[in-house]
file target_28.tsv (TSV, C-alpha atoms)
chain	number	residue	atom	x	y	z
A	1	MET	CA	37.46	-26.58	52.47
A	2	ALA	CA	34.56	-28.95	52.71
A	3	LYS	CA	32.63	-26.44	54.76
A	4	ARG	CA	33.14	-23.74	52.19
A	5	LYS	CA	31.93	-26.04	49.42
A	6	HIS	CA	28.84	-26.85	51.45
A	7	GLU	CA	28.14	-23.15	51.97
A	8	ASN	CA	28.49	-22.40	48.26
A	9	LYS	CA	26.13	-25.26	47.48
A	10	ASP	CA	23.49	-23.82	49.78
A	11	GLU	CA	23.85	-20.42	48.13
A	12	ASP	CA	23.38	-21.94	44.67
A	13	GLU	CA	20.23	-23.75	45.71
A	14	SER	CA	18.56	-20.53	46.89
A	15	PRO	CA	15.46	-19.68	44.77
A	16	LYS	CA	16.02	-17.09	42.04
A	17	LYS	CA	13.80	-14.06	41.75
A	18	SER	CA	11.35	-14.33	38.87
A	19	LYS	CA	10.23	-11.31	36.89
A	20	GLU	CA	6.56	-10.60	37.36
A	21	ASP	CA	4.47	-9.35	34.47
A	22	ILE	CA	3.19	-5.83	34.76
A	23	VAL	CA	-0.60	-5.80	34.82
A	24	LEU	CA	-2.12	-2.44	33.92
A	25	PRO	CA	-5.21	-1.30	35.84
A	26	PRO	CA	-8.42	-0.77	33.86
A	27	VAL	CA	-8.31	3.00	34.44
A	28	ILE	CA	-5.03	4.89	34.03
A	29	ASN	CA	-4.41	8.55	34.68
A	30	SER	CA	-2.84	10.25	31.68
A	31	ASN	CA	-0.47	12.22	33.91
A	32	GLU	CA	1.06	9.11	35.44
A	33	PRO	CA	4.02	7.52	33.61
A	34	VAL	CA	3.21	4.22	31.96
A	35	GLN	CA	5.09	1.24	33.35
A	36	ARG	CA	7.18	-0.48	30.73
A	37	GLN	CA	7.41	-4.22	30.39
A	38	LYS	CA	11.02	-5.33	30.27
A	39	LYS	CA	10.14	-8.67	28.74
A	40	TRP	CA	10.12	-8.19	24.96
A	41	ILE	CA	9.90	-11.49	23.09
A	42	ASN	CA	8.64	-10.72	19.56
A	43	LYS	CA	11.48	-8.54	18.32
A	44	GLN	CA	10.13	-7.63	14.91
A	45	ARG	CA	11.76	-4.64	13.22
A	46	ILE	CA	10.66	-3.22	9.87
A	47	LEU	CA	12.80	-1.21	7.49
A	48	VAL	CA	10.71	1.34	5.56
A	49	LEU	CA	12.41	3.04	2.63
A	50	SER	CA	11.73	4.22	-0.91
A	51	SER	CA	13.51	4.72	-4.20
A	52	ARG	CA	14.38	8.03	-5.78
A	53	GLY	CA	11.82	9.62	-8.03
A	54	ILE	CA	8.62	8.93	-6.08
A	55	GLY	CA	5.92	11.60	-5.95
A	56	TYR	CA	4.95	13.73	-3.00
A	57	ARG	CA	1.82	11.68	-2.31
A	58	SER	CA	3.83	8.46	-2.23
A	59	ARG	CA	6.33	10.05	0.13
A	60	HIS	CA	3.56	11.16	2.51
A	61	LEU	CA	2.10	7.64	2.43
A	62	MET	CA	5.47	6.23	3.45
A	63	LEU	CA	5.72	8.73	6.31
A	64	ASP	CA	2.19	7.82	7.47
A	65	LEU	CA	3.12	4.14	7.65
A	66	ARG	CA	6.24	5.01	9.62
A	67	SER	CA	4.17	6.92	12.15
A	68	LEU	CA	1.63	4.08	12.43
A	69	LEU	CA	4.32	1.41	12.94
A	70	PRO	CA	6.48	2.28	15.97
A	71	HIS	CA	8.69	-0.77	15.38
A	72	SER	CA	9.82	0.57	11.99
A	73	LYS	CA	13.19	2.08	11.13
A	74	PRO	CA	13.83	4.73	8.47
A	75	GLU	CA	16.44	4.65	5.75
A	76	SER	CA	17.60	7.10	3.08
A	77	LYS	CA	16.34	6.83	-0.48
A	78	MET	CA	17.71	4.05	-2.62
A	79	ASP	CA	19.13	4.62	-6.10
A	80	ASN	CA	17.13	3.08	-8.93
A	81	LYS	CA	20.28	1.68	-10.51
A	82	ASP	CA	20.97	-0.57	-7.50
A	83	LYS	CA	19.71	-4.12	-7.44
A	84	LEU	CA	16.91	-5.05	-5.06
A	85	PHE	CA	19.12	-7.63	-3.34
A	86	VAL	CA	21.02	-4.72	-1.77
A	87	ILE	CA	18.01	-4.13	0.50
A	88	ASN	CA	18.74	-7.44	2.26
A	89	GLU	CA	22.16	-6.13	3.28
A	90	MET	CA	20.62	-2.84	4.41
A	91	CYS	CA	18.14	-4.75	6.60
A	92	GLU	CA	20.99	-6.77	8.08
A	93	MET	CA	22.93	-3.62	8.97
A	94	LYS	CA	19.79	-2.08	10.52
A	95	ASN	CA	19.01	-5.34	12.39
A	96	CYS	CA	15.60	-5.62	10.66
A	97	ASN	CA	13.86	-8.82	9.64
A	98	LYS	CA	10.97	-7.26	7.65
A	99	CYS	CA	10.96	-4.62	4.93
A	100	ILE	CA	8.50	-2.30	3.17
A	101	TYR	CA	10.00	-0.83	0.00
A	102	PHE	CA	8.27	1.79	-2.18
A	103	GLU	CA	9.47	1.75	-5.78
A	104	GLY	CA	8.52	4.62	-8.07
A	105	LYS	CA	8.65	4.49	-11.86
A	106	LYS	CA	8.16	7.30	-14.38
A	107	LYS	CA	7.19	9.61	-11.47
A	108	MET	CA	3.60	8.37	-11.77
A	109	ASP	CA	3.51	4.67	-10.86
A	110	LEU	CA	4.09	3.37	-7.33
A	111	TYR	CA	4.97	-0.21	-6.43
A	112	MET	CA	5.19	-1.66	-2.92
A	113	TRP	CA	7.39	-4.57	-1.87
A	114	LEU	CA	6.68	-6.53	1.32
A	115	SER	CA	9.46	-8.92	2.23
A	116	ASN	CA	10.53	-11.26	5.00
A	117	VAL	CA	14.30	-10.81	5.22
A	118	PRO	CA	16.45	-12.74	4.43
A	119	ARG	CA	14.72	-16.00	3.44
A	120	GLY	CA	11.44	-14.70	2.09
A	121	PRO	CA	8.76	-14.81	0.94
A	122	SER	CA	8.24	-11.44	-0.70
A	123	ALA	CA	5.35	-9.88	-2.62
A	124	LYS	CA	5.13	-7.06	-5.13
A	125	PHE	CA	2.03	-4.86	-5.39
A	126	LEU	CA	0.86	-1.96	-7.52
A	127	VAL	CA	-0.41	0.82	-5.23
A	128	GLU	CA	-3.59	2.51	-6.47
A	129	ASN	CA	-5.99	5.17	-5.13
A	130	VAL	CA	-3.62	6.60	-2.53
A	131	HIS	CA	-5.08	9.01	0.06
A	132	THR	CA	-2.85	10.16	2.91
A	133	MET	CA	-3.87	11.17	6.44
A	134	SER	CA	-3.32	14.89	5.83
A	135	GLU	CA	-5.30	14.71	2.59
A	136	LEU	CA	-8.38	12.98	4.03
A	137	LYS	CA	-8.83	15.32	7.04
A	138	MET	CA	-11.27	12.96	8.71
A	139	THR	CA	-12.63	13.46	12.22
A	140	GLY	CA	-10.56	10.90	14.06
A	141	ASN	CA	-7.49	10.70	16.20
A	142	CYS	CA	-5.59	7.90	17.88
A	143	LEU	CA	-2.62	7.68	20.17
A	144	LYS	CA	0.74	7.81	18.49
A	145	ALA	CA	2.61	4.49	18.61
A	146	SER	CA	-0.40	2.58	19.95
A	147	ARG	CA	-0.91	-1.04	18.96
A	148	PRO	CA	-3.47	-1.77	16.19
A	149	LEU	CA	-5.96	-4.59	15.81
A	150	LEU	CA	-5.76	-6.43	12.47
A	151	SER	CA	-9.02	-7.29	10.72
A	152	PHE	CA	-9.11	-9.52	7.63
A	153	SER	CA	-12.09	-10.39	5.45
A	154	LYS	CA	-13.18	-13.99	5.00
A	155	GLU	CA	-11.80	-14.07	1.42
A	156	PHE	CA	-8.28	-14.41	2.82
A	157	GLU	CA	-9.09	-18.01	3.85
A	158	GLN	CA	-10.38	-19.17	0.46
A	159	GLU	CA	-7.17	-19.51	-1.57
A	160	GLU	CA	-3.57	-20.31	-0.70
A	161	HIS	CA	-1.95	-17.13	-2.00
A	162	TRP	CA	-4.36	-15.01	0.07
A	163	GLN	CA	-3.47	-17.05	3.16
A	164	LEU	CA	0.23	-16.43	2.51
A	165	LEU	CA	-0.37	-12.68	2.13
A	166	LYS	CA	-2.44	-12.65	5.31
A	167	GLU	CA	0.44	-14.16	7.28
A	168	LEU	CA	2.85	-11.64	5.72
A	169	PHE	CA	0.57	-8.71	6.60
A	170	THR	CA	0.16	-10.04	10.14
A	171	GLN	CA	3.90	-10.24	10.75
A	172	ILE	CA	4.61	-6.79	9.28
A	173	PHE	CA	1.71	-4.61	10.46
A	174	SER	CA	1.21	-6.08	13.94
A	175	VAL	CA	3.15	-4.13	16.58
A	176	PRO	CA	5.02	-6.52	18.94
A	177	ASN	CA	3.76	-6.76	22.49
A	178	HIS	CA	5.81	-4.81	25.07
A	179	HIS	CA	7.73	-2.97	22.36
A	180	PRO	CA	9.76	-0.13	23.96
A	181	LYS	CA	8.44	2.50	21.54
A	182	SER	CA	4.80	1.39	21.55
A	183	GLN	CA	1.90	2.30	23.79
A	184	PRO	CA	0.10	-0.57	25.60
A	185	PHE	CA	-3.30	0.38	24.18
A	186	PHE	CA	-5.52	-0.78	21.31
A	187	ASP	CA	-7.36	2.21	19.90
A	188	HIS	CA	-7.35	1.69	16.12
A	189	VAL	CA	-7.93	-1.10	13.60
A	190	PHE	CA	-6.13	-2.00	10.38
A	191	ASN	CA	-8.70	-3.46	8.00
A	192	PHE	CA	-7.68	-5.60	5.01
A	193	SER	CA	-10.47	-6.58	2.62
A	194	ILE	CA	-10.47	-8.15	-0.85
A	195	VAL	CA	-12.65	-6.50	-3.49
A	196	ASP	CA	-12.24	-6.96	-7.25
A	197	ASN	CA	-9.12	-9.13	-6.75
A	198	ARG	CA	-7.42	-6.26	-4.91
A	199	ILE	CA	-6.55	-5.64	-1.27
A	200	TRP	CA	-8.14	-2.53	0.24
A	201	PHE	CA	-6.43	-1.04	3.29
A	202	ARG	CA	-8.33	1.14	5.76
A	203	ASN	CA	-7.42	2.52	9.19
A	204	TYR	CA	-10.22	3.09	11.74
A	205	GLN	CA	-10.19	4.54	15.22
A	206	ILE	CA	-12.13	2.80	17.99
A	207	LEU	CA	-14.30	5.55	19.47
A	208	GLU	CA	-16.35	3.85	22.17
A	209	GLU	CA	-16.62	0.51	23.88
A	210	ASP	CA	-19.57	-0.38	21.66
A	211	ALA	CA	-17.09	-0.79	18.75
A	212	SER	CA	-18.08	2.37	16.89
A	213	LEU	CA	-15.41	3.22	14.33
A	214	ALA	CA	-14.23	6.35	12.52
A	215	GLU	CA	-11.85	6.28	9.59
A	216	ILE	CA	-8.68	8.29	10.09
A	217	GLY	CA	-6.57	7.21	7.10
A	218	PRO	CA	-4.44	6.57	5.21
A	219	ARG	CA	-6.23	4.51	2.59
A	220	PHE	CA	-4.82	2.75	-0.45
A	221	VAL	CA	-5.44	-0.26	-2.68
A	222	LEU	CA	-2.87	-3.00	-3.36
A	223	ASN	CA	-3.06	-4.83	-6.67
A	224	PRO	CA	-0.95	-8.02	-6.28
A	225	ILE	CA	1.49	-8.73	-9.10
A	226	ARG	CA	3.75	-11.59	-7.97
A	227	ILE	CA	4.76	-13.54	-4.90
A	228	PHE	CA	8.35	-14.73	-4.75
A	229	GLU	CA	9.82	-17.50	-2.64
A	230	GLY	CA	12.93	-15.51	-1.66
A	231	SER	CA	13.47	-11.99	-0.44
A	232	PHE	CA	13.16	-9.56	-3.39
A	233	GLY	CA	13.51	-12.39	-5.91
A	234	GLY	CA	13.73	-16.12	-6.34
A	235	PRO	CA	11.25	-18.62	-7.77
A	236	THR	CA	7.77	-17.32	-8.45
A	237	LEU	CA	5.03	-18.77	-6.26
A	238	TYR	CA	2.06	-16.86	-7.68
A	239	ILE	CA	1.33	-14.62	-10.69
A	240	ASN	CA	-1.82	-12.55	-10.89
A	241	PRO	CA	-3.46	-13.47	-14.23
A	242	SER	CA	-5.80	-10.45	-14.19
A	243	TYR	CA	-3.04	-7.89	-13.63
A	244	THR	CA	-2.58	-5.16	-16.24
A	245	SER	CA	0.51	-2.98	-16.07
A	246	PRO	CA	0.06	0.81	-15.99
A	247	ASN	CA	1.88	1.15	-19.32
A	248	GLU	CA	-0.50	-1.31	-20.97
A	249	HIS	CA	-3.49	0.48	-19.42
A	250	ARG	CA	-2.32	3.84	-20.75
A	251	ARG	CA	-1.68	2.30	-24.17
A	252	ILE	CA	-5.25	0.96	-24.27
A	253	LEU	CA	-6.58	4.42	-23.39
A	254	ARG	CA	-4.52	6.05	-26.12
A	255	ARG	CA	-5.68	3.44	-28.60
A	256	SER	CA	-9.33	4.08	-27.71
A	257	LEU	CA	-8.84	7.82	-28.15
A	258	ALA	CA	-7.07	7.25	-31.48
A	259	ALA	CA	-9.90	5.00	-32.67
A	260	LYS	CA	-12.42	7.67	-31.76
A	261	TYR	CA	-10.46	10.26	-33.80
A	262	LEU	CA	-10.18	7.92	-36.81
A	263	MET	CA	-13.92	7.29	-36.75
A	264	LYS	CA	-14.49	11.06	-36.76
A	265	VAL	CA	-12.16	11.51	-39.75
A	266	GLU	CA	-13.81	8.66	-41.66
A	267	SER	CA	-17.29	10.07	-41.06
A	268	LYS	CA	-16.14	13.46	-42.34
A	269	LYS	CA	-14.71	11.90	-45.51
A	270	GLY	CA	-17.95	9.98	-46.06
A	271	HIS	CA	-19.94	13.17	-45.70
A	272	GLU	CA	-17.76	14.93	-48.29
A	273	SER	CA	-18.06	12.02	-50.72
A	274	ARG	CA	-21.87	11.99	-50.47
A	275	LYS	CA	-22.18	15.74	-50.94
A	276	PRO	CA	-23.70	16.56	-54.45
A	277	THR	CA	-21.63	18.64	-56.88
A	278	ASN	CA	-24.56	20.61	-58.33
A	279	SER	CA	-27.36	22.42	-56.52
A	280	SER	CA	-30.07	20.71	-54.56
A	281	TYR	CA	-32.44	20.58	-57.61
A	282	ASP	CA	-32.15	21.07	-61.40
A	283	LEU	CA	-33.16	24.50	-62.81
A	284	ASP	CA	-35.41	24.96	-65.86
A	285	PRO	CA	-33.70	27.21	-68.45
A	286	THR	CA	-37.10	28.60	-69.58
A	287	ASP	CA	-37.76	30.14	-66.15
A	288	ASP	CA	-35.69	33.23	-67.03
A	289	PHE	CA	-37.35	33.75	-70.47
A	290	PHE	CA	-39.64	36.59	-69.36
A	291	THR	CA	-37.10	38.19	-67.07
A	292	VAL	CA	-36.29	41.71	-68.40
A	293	THR	CA	-33.12	43.54	-67.38
A	294	PRO	CA	-32.37	47.31	-67.86
A	295	GLU	CA	-29.82	46.47	-70.53
A	296	ASP	CA	-32.47	44.73	-72.60
A	297	VAL	CA	-34.73	47.83	-72.45
A	298	GLY	CA	-32.00	50.25	-73.61

call {"tool": "encode", "arguments": {"input": "target_28.tsv", "output": "structure tokens"}}
result
Amino acid sequence: MAKRKHENKDEDESPKKSKEDIVLPPVINSNEPVQRQKKWINKQRILVLSSRGIGYRSRHLMLDLRSLLPHSKPESKMDNKDKLFVINEMCEMKNCNKCIYFEGKKKMDLYMWLSNVPRGPSAKFLVENVHTMSELKMTGNCLKASRPLLSFSKEFEQEEHWQLLKELFTQIFSVPNHHPKSQPFFDHVFNFSIVDNRIWFRNYQILEEDASLAEIGPRFVLNPIRIFEGSFGGPTLYINPSYTSPNEHRRILRRSLAAKYLMKVESKKGHESRKPTNSSYDLDPTDDFFTVTPEDVG
């Protein structure tokens, strides 16, 4: 018995085989199958869904983001009557820890939610100036499911709410290393820049080694509204003081048009009130004294 225990002890002390990282050569033939890395540490999964009633352009934008993010998972449209907290349960069933939710209102306004499920934080944006990949038709092409490089402007380091949004964008839009559905290449760049208190998103393809870029789309502008501590709710961390809702913007436009019409009506009334009742000058009754008519001759 003692001998058997000694033999088992020697077997346990034998060195275990360690997994070696796969190092890709600098030049790879496109016909050869790409070796997959079995070690996948950053298991980020994103649930991308929308509400009912969004427009065709919003739907194409959602499909473009799904194609650009290989670690995303689709989901059917959500009813507008459901509460936003239901999305947390949907993410749990889909085994996702991040979420991008497109919310459409009045079939003309589009809102985007970015959330870290289930503890937060989450941010709500108004999406403006949407241009999809099929709409732009730019001369650029990148590999499907390739990993992007994230580029942020220096304004993201100036204030705390921009720093929080930068970390949220980094966790959502960065494709995890060694993801099974991703390609081990970097051939495009996601650019986030702040102009006029808004976040401008652009997608560029890396053409050559000298860092020449070509825009391939999509492009859109995010106007931040609020940042919440929890996922799709909770205490408010930040409110954009310069934000104007689309309804208020349309009301201001209608009021300006109405003011222009009222000014036109008032100017017309003033013109009628200043118009003289008689002719332009007074006539002298003696001017027709020597005028002779045929009746007077007969």

call {"tool": "closest_residue", "arguments": {"input": "target_28.tsv", "among": "A:Phe185, A:Pro74, A:Ser67, A:Asp82", "to": "A:Val27", "atoms": "all atoms listed in the file"}}
result
A:Phe185

call {"tool": "closest_residue", "arguments": {"input": "target_28.tsv", "among": "A:Pro224, A:Gly53, A:Gly234, A:Pro148", "to": "A:Gln205", "atoms": "only C-alpha atoms"}}
result
A:Pro148

call {"tool": "residues_near_point", "arguments": {"input": "target_28.tsv", "point": "(7.9, 4.8, -8.9)", "cutoff": "12 Å", "atoms": "only C-alpha atoms", "output": "PyMOL selection string"}}
result
chain A and resi 50-59+78-80+101-113+125-128+246

call {"tool": "closest_residue", "arguments": {"input": "target_28.tsv", "among": "A:Met263, A:Ile41, A:Ile87, A:Val48", "to": "A:Asn177", "atoms": "all atoms listed in the file"}}
result
A:Ile41

call {"tool": "closest_residue", "arguments": {"input": "target_28.tsv", "among": "A:Ile225, A:Phe290, A:Ile46, A:Met90", "to": "A:Lys77", "atoms": "only C-alpha atoms"}}
result
A:Met90

call {"tool": "atom_distance", "arguments": {"input": "target_28.tsv", "atom1": "atom CA of A:Ile199", "atom2": "atom CA of A:Phe220"}}
result
8.6 Å

call {"tool": "closest_residue", "arguments": {"input": "target_28.tsv", "among": "A:Leu136, A:Leu65, A:Leu143, A:Lys43", "to": "A:Asn95", "atoms": "only C-alpha atoms"}}
result
A:Lys43

call {"tool": "atom_distance", "arguments": {"input": "target_28.tsv", "atom1": "atom CA of A:Pro121", "atom2": "atom CA of A:Glu89"}}
result
16.1 Å

call {"tool": "atom_distance", "arguments": {"input": "target_28.tsv", "atom1": "atom CA of A:Ser212", "atom2": "atom CA of A:Thr170"}}
result
23.1 Å

call {"tool": "residues_around", "arguments": {"input": "target_28.tsv", "residues": "A:Pro218", "least_positions_apart": "5", "cutoff": "8 Å", "atoms": "all atoms listed in the file", "output": "ChimeraX atom specification"}}
result
/A:61,64,130-133,136,202-203

call {"tool": "write_last_selection", "arguments": {"input": "target_28.tsv", "atoms": "C-alpha atoms", "output": "short mmCIF file (atom, residue, chain, number, x, y, z; two decimals), in the coordinates of the input"}}
result
data_model
loop_
_atom_site.label_atom_id
_atom_site.label_comp_id
_atom_site.auth_asym_id
_atom_site.auth_seq_id
_atom_site.Cartn_x
_atom_site.Cartn_y
_atom_site.Cartn_z
CA LEU A 61 2.10 7.64 2.43
CA ASP A 64 2.19 7.82 7.47
CA VAL A 130 -3.62 6.60 -2.53
CA HIS A 131 -5.08 9.01 0.06
CA THR A 132 -2.85 10.16 2.91
CA MET A 133 -3.87 11.17 6.44
CA LEU A 136 -8.38 12.98 4.03
CA ARG A 202 -8.33 1.14 5.76
CA ASN A 203 -7.42 2.52 9.19
#

call {"tool": "closest_residue", "arguments": {"input": "target_28.tsv", "among": "A:Ser267, A:Thr277, A:Ser174, A:Gln163", "to": "A:Ala145", "atoms": "only C-alpha atoms"}}
result
A:Ser174

call {"tool": "residues_around", "arguments": {"input": "target_28.tsv", "residues": "A:His161", "least_positions_apart": "6", "cutoff": "12 Å", "atoms": "all atoms listed in the file", "output": "number ranges by chain"}}
result
A: 121-123, 155, 167-168, 197, 224-229, 236-240

call {"tool": "axis_aligned_box", "arguments": {"input": "target_28.tsv", "around": "stretch 105-123 of chain A", "padding_each_side": "6 Å", "output": "AutoDock Vina command-line options"}}
result
--center_x 10.0 --center_y -3.2 --center_z -4.6 --size_x 24.9 --size_y 37.6 --size_z 31.6
